[in-house]
Amino acid sequence: MDDNQNFSTEAKQNPYNISNEPDLKNDRKGFAITSLVLGIISVVGCCCLGLNFIAAVISLIFGIITLKNHYSGKVKAIIGVVLSSIIILGEGIIFAVYGGTIIQVSKDYFRFSSEAETVIENYEDTGKLPDYIEKYDDPKYDGFWNASGYDDIYAFMDEIAKSYDQAASKAAN
């Protein structure tokens, strides 16, 4: 009898069986907002290969968590997932097509950076470049040199040597 009395008293206080506890599962908008914001950052920062890729991967993870667990902010999560997926696929294609060239040019750039003084002095004395730089005097790089405002690698090296000489003369004064 005592159990029935408690049930009827509880039913009168909350006839629709609505919980007064907040539904924390549906109130987790932070995951969706994070996915959206990082997705937008990855698109805006698309010129920063690497940083935007990391943002896109994190955005994708947060978006999937939001959708899988049915958290609130579904539309934001979907937009974040779509934006980040576009960046991840786009950068994957870019790396597949140009990855070998990007890696090789980076290696040559870092090597030149460490040997710049010697390379520039030898170039000024002999007009010759080391093989790892001279290979860029190839017609397949003409578009790059033209877009950069140079006729070829030698015009570029002439400009580098000129800048180097100016910096050296300022340092001497």
# chains A, B, ... in the order shown; residues from 1 in each chain; ligands from 1
$ residues_around --residues "stretch 136-143 of chain A" --least-positions-apart "3" --cutoff "6 Å" --atoms "only C-alpha atoms" --output "count of residues only"
3
$ closest_residue --among "A:Arg28, A:Ala116, A:Leu83, A:Phe53" --to "A:His70" --atoms "only C-alpha atoms"
A:Arg28
$ residues_around --residues "A:Lys29" --least-positions-apart "3" --cutoff "9 Å" --atoms "only C-alpha atoms" --output "number ranges by chain"
A: 26, 32-34, 66, 71-74, 76
$ residues_around --residues "A:Ile78" --least-positions-apart "6" --cutoff "10 Å" --atoms "only C-alpha atoms" --output "PyMOL selection string"
chain A and resi 32+35-36+60+63-64+66-67+84
$ write_last_selection --atoms "C-alpha atoms" --output "CSV table (one decimal), in the first residue's frame"
chain,number,residue,atom,x,y,z
A,32,ALA,CA,29.7,20.6,-33.2
A,35,SER,CA,34.0,20.8,-35.8
A,36,LEU,CA,32.5,23.8,-37.7
A,60,LEU,CA,36.5,15.6,-38.9
A,63,GLY,CA,32.1,16.2,-36.3
A,64,ILE,CA,31.9,12.4,-36.4
A,66,THR,CA,28.9,14.7,-32.6
A,67,LEU,CA,26.9,12.8,-35.3
A,84,SER,CA,37.3,19.2,-43.5
